[in-house]
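Participant: Sending over work.txt (compact mmCIF, C-alpha atoms).
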```
# COMPACT_ATOMS: atom_id res chain seq x y z
CA MET A 1 0.00 0.00 0.00
CA LYS A 2 1.37 3.40 -0.94
CA ALA A 3 1.89 5.74 1.99
CA GLY A 4 -0.21 8.86 2.13
CA ARG A 5 -3.13 10.48 3.86
CA GLU A 6 -5.55 9.60 1.06
CA LYS A 7 -4.66 5.91 1.44
CA ILE A 8 -4.98 5.57 5.22
CA ASN A 9 -5.91 2.07 6.26
CA TRP A 10 -8.39 2.70 9.07
CA ASN A 11 -8.06 -0.91 10.24
CA GLU A 12 -4.41 -0.31 11.11
CA GLN A 13 -4.77 2.60 13.50
CA PHE A 14 -4.21 1.95 17.20
CA LYS A 15 -2.11 -1.11 16.31
CA LEU A 16 1.53 -1.44 17.25
CA ARG A 17 3.93 -2.30 14.45
CA ILE A 18 7.22 -3.84 15.50
CA SER A 19 9.96 -2.20 13.46
CA ASN A 20 12.73 -4.52 14.61
CA ALA A 21 12.25 -7.64 16.73
CA ASP A 22 15.92 -7.83 17.72
CA LYS A 23 16.43 -8.22 21.47
CA SER A 24 18.51 -5.02 21.55
CA ARG A 25 15.38 -3.08 20.49
CA GLN A 26 13.01 -4.40 23.17
CA LYS A 27 13.05 -1.24 25.27
CA HIS A 28 12.41 0.88 22.18
CA GLU A 29 9.34 -1.19 21.31
CA VAL A 30 8.04 -1.13 24.91
CA ILE A 31 8.34 2.66 24.98
CA LYS A 32 6.49 2.89 21.67
CA LEU A 33 3.69 0.73 23.07
CA LEU A 34 3.45 2.79 26.26
CA VAL A 35 3.36 6.08 24.32
CA MET A 36 0.47 4.77 22.22
CA MET A 37 -1.37 3.48 25.29
CA LYS A 38 -0.96 6.83 27.06
CA ILE A 39 -2.32 8.75 24.07
CA ILE A 40 -5.31 6.41 23.81
CA GLU A 41 -5.95 6.70 27.56
CA LYS A 42 -5.72 10.50 27.43
CA HIS A 43 -8.31 10.57 24.64
CA LYS A 44 -10.67 7.82 25.80
CA ALA A 45 -13.60 10.26 25.83
CA ASP A 46 -12.88 11.74 22.39
CA ARG A 47 -11.10 8.90 20.61
CA VAL A 48 -13.12 9.45 17.42
CA TRP A 49 -11.12 12.67 16.91
CA ILE A 50 -7.69 11.07 16.90
CA ARG A 51 -5.64 9.02 14.47
CA LEU A 52 -2.80 6.98 15.95
CA TYR A 53 -0.32 4.84 14.08
CA SER A 54 3.06 3.32 14.69
CA GLU A 55 5.68 3.16 11.94
CA PHE A 56 3.48 5.37 9.72
CA PRO A 57 5.22 6.48 6.49
CA LEU A 58 4.70 10.20 5.85
CA GLU A 59 3.79 10.90 2.26
CA ASN A 60 6.65 11.97 -0.04
CA THR A 61 9.17 12.43 2.78
CA GLY A 62 10.87 9.13 3.50
CA LEU A 63 10.08 9.76 7.18
CA ILE A 64 8.56 7.01 9.31
CA PRO A 65 7.96 8.24 12.87
CA ASP A 66 7.79 5.66 15.62
CA VAL A 67 4.38 7.04 16.62
CA TYR A 68 2.17 9.29 14.50
CA TYR A 69 -0.60 11.08 16.41
CA GLU A 70 -3.17 13.27 14.70
CA ASN A 71 -5.85 15.24 16.53
CA LEU A 72 -8.58 16.25 14.10
CA LYS A 73 -10.36 18.49 16.58
CA GLU A 74 -7.22 20.51 17.40
CA LYS A 75 -5.82 20.28 13.84
CA SER A 76 -2.48 19.05 15.11
CA VAL A 77 -0.03 16.28 14.34
CA ILE A 78 2.69 15.08 16.68
CA CYS A 79 5.35 12.68 15.46
CA TYR A 80 7.23 10.81 18.17
CA GLU A 81 10.74 9.53 17.54
CA ILE A 82 12.30 7.24 20.15
CA GLN A 83 16.01 7.68 19.70
CA LYS A 84 19.19 6.30 21.20
CA ASP A 85 21.58 8.76 19.51
CA LEU A 86 20.61 12.30 20.44
CA SER A 87 23.48 14.19 18.87
CA ASN A 88 22.94 17.81 17.89
CA ASP A 89 23.32 16.76 14.27
CA TYR A 90 20.49 14.22 14.60
CA ILE A 91 18.17 16.67 16.37
CA ASN A 92 18.85 19.45 13.82
CA ARG A 93 18.41 17.12 10.86
CA LYS A 94 15.18 15.56 12.14
CA THR A 95 13.74 18.92 13.18
CA LYS A 96 14.39 20.28 9.70
CA GLU A 97 12.89 17.18 8.05
CA TYR A 98 9.73 17.32 10.14
CA ASN A 99 9.43 21.09 9.73
CA ASN A 100 9.25 20.48 5.97
CA TYR A 101 6.32 18.08 6.36
CA GLU A 102 3.09 19.99 5.87
CA ILE A 103 -0.54 19.09 6.23
CA PRO A 104 -2.89 21.91 5.18
CA PHE A 105 -4.51 23.63 8.16
CA PHE A 106 -2.62 21.43 10.69
CA THR A 107 0.37 22.11 12.88
CA VAL A 108 3.09 19.45 12.85
CA ASP A 109 5.41 18.91 15.80
CA LEU A 110 8.20 16.48 16.60
CA ILE A 111 8.82 15.03 20.04
CA VAL A 112 12.04 13.08 20.50
CA ILE A 113 12.07 10.61 23.38
CA PRO A 114 15.63 9.96 24.59
CA LEU A 115 15.96 6.20 24.90
CA LEU A 116 19.18 6.32 26.95
CA ASP A 117 17.56 8.57 29.58
CA SER A 118 14.61 6.28 30.11
CA PRO A 119 14.32 4.19 33.30
CA ASP A 120 14.67 0.42 33.14
CA ASN A 121 11.95 -0.27 35.69
CA LEU A 122 8.54 -0.47 34.00
CA THR A 123 6.72 1.53 36.69
CA GLU A 124 9.34 4.29 36.59
CA LEU A 125 9.35 4.21 32.79
CA ASN A 126 5.59 4.61 32.71
CA THR A 127 5.74 7.69 34.96
CA TRP A 128 8.76 9.14 33.12
CA LEU A 129 6.92 8.99 29.78
CA ASP A 130 4.11 11.21 31.08
CA LYS A 131 6.22 14.31 30.39
CA PHE A 132 6.29 13.51 26.66
CA ILE A 133 2.55 13.10 26.15
CA VAL A 134 0.98 16.32 24.92
```
Just dump the structure as structure tokens.

Facilitator:
Amino acid sequence: MKAGREKINWNEQFKLRISNADKSRQKHEVIKLLVMMKIIEKHKADRVWIRLYSEFPLENTGLIPDVYYENLKEKSVICYEIQKDLSNDYINRKTKEYNNYEIPFFTVDLIVIPLLDSPDNLTELNTWLDKFIV
């Protein structure tokens, strides 16, 4: 299926896609799951207004954010990237790439979640992630 807003597969939203099942990526995938769960929980009363995907290819960009969150009511998009390497070069490059992604009448923001700063304990990790959920 070609990526793009006009080709959204509504049956795939709210589902977690595993980008890499390697054991070294377990924490990354757990964080992705928790981010999605937190967004769904936050919007349980108005879930019909949100679109939520993991590993969602953005049309004509080559970008695939770990979590793509769209709020139709607020006309906003937030792309979450869970990243191990948070060099200034990476942050500048990704910010520029996401700033170039446009959806008419929507704002588009990027939130980078620093994988190396995240707690190992699941309870602590769950609380730590709260600061990234908008």

Participant: Figure out the distance between CA of Tyr101 (chain A) and CA of Asn60 (chain A), please, to one decimal in Å.

Facilitator: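 CA of Tyr101 (chain A) lies 8.9 Å from CA of Asn60 (chain A).
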
Participant: What is the distance between CA of His43 (chain A) and CA of Pro119 (chain A), in Å to one decimal?

Facilitator: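 Value for the CA of His43 (chain A)-CA of Pro119 (chain A) distance: 25.1 Å.
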
Participant: How many Å lie between CA of Asn121 (chain A) and CA of Glu12 (chain A), rounded to one decimal?

Facilitator: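 One can read the CA of Asn121 (chain A) to CA of Glu12 (chain A) distance as 29.5 Å.
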
Participant: Using only C-alpha atoms, can you list as number ranges by chain the residues within 9 Å of (-0.3, 6.7, 21.7)?

Facilitator: A: 14, 32-42, 52-54, 67-69, 133

Participant: Name all residues at most 7 Å from region 25-31 of chain A (count only C-alpha atoms; drop same-chain ones fewer than 4 positions away) and give them as an MDAnalysis selection string.

Facilitator: chainID A and resid 18 20:21 35 82 115

Participant: For the residues in that selection, give me C-alpha atoms as an mmCIF file, in the coordinates of the input.

Facilitator:
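Dumped everything to selection24.cif:
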```
data_model
loop_
_atom_site.group_PDB
_atom_site.id
_atom_site.type_symbol
_atom_site.label_atom_id
_atom_site.label_comp_id
_atom_site.auth_asym_id
_atom_site.auth_seq_id
_atom_site.Cartn_x
_atom_site.Cartn_y
_atom_site.Cartn_z
ATOM 1 C CA ILE A 18 7.220 -3.840 15.500
ATOM 2 C CA ASN A 20 12.730 -4.520 14.610
ATOM 3 C CA ALA A 21 12.250 -7.640 16.730
ATOM 4 C CA VAL A 35 3.360 6.080 24.320
ATOM 5 C CA ILE A 82 12.300 7.240 20.150
ATOM 6 C CA LEU A 115 15.960 6.200 24.900
#
```

Participant: Show me the residues around (7.6, 10.4, 14.9) - criterion: an atom at most 9 Å away, only C-alpha atoms counted - as a PyMOL selection string.

Facilitator: chain A and resi 54-56+63-69+78-82+98+109-112

Participant: Write out as a PyMOL selection string which residues come within 12 Å of Asn100 (chain A) when counting only C-alpha atoms, dropping same-chain ones fewer than 2 positions away.

Facilitator: chain A and resi 58-63+93-98+102-103+107-110

Participant: Neighbouring residues of Lys75 (chain A) were defined as those with any atom within 10 Å, considering all atoms listed in the file; residues of the same chain fewer than 3 positions away were excluded. Please report them as number ranges by chain.

Facilitator: A: 49-50, 70-72, 103-108
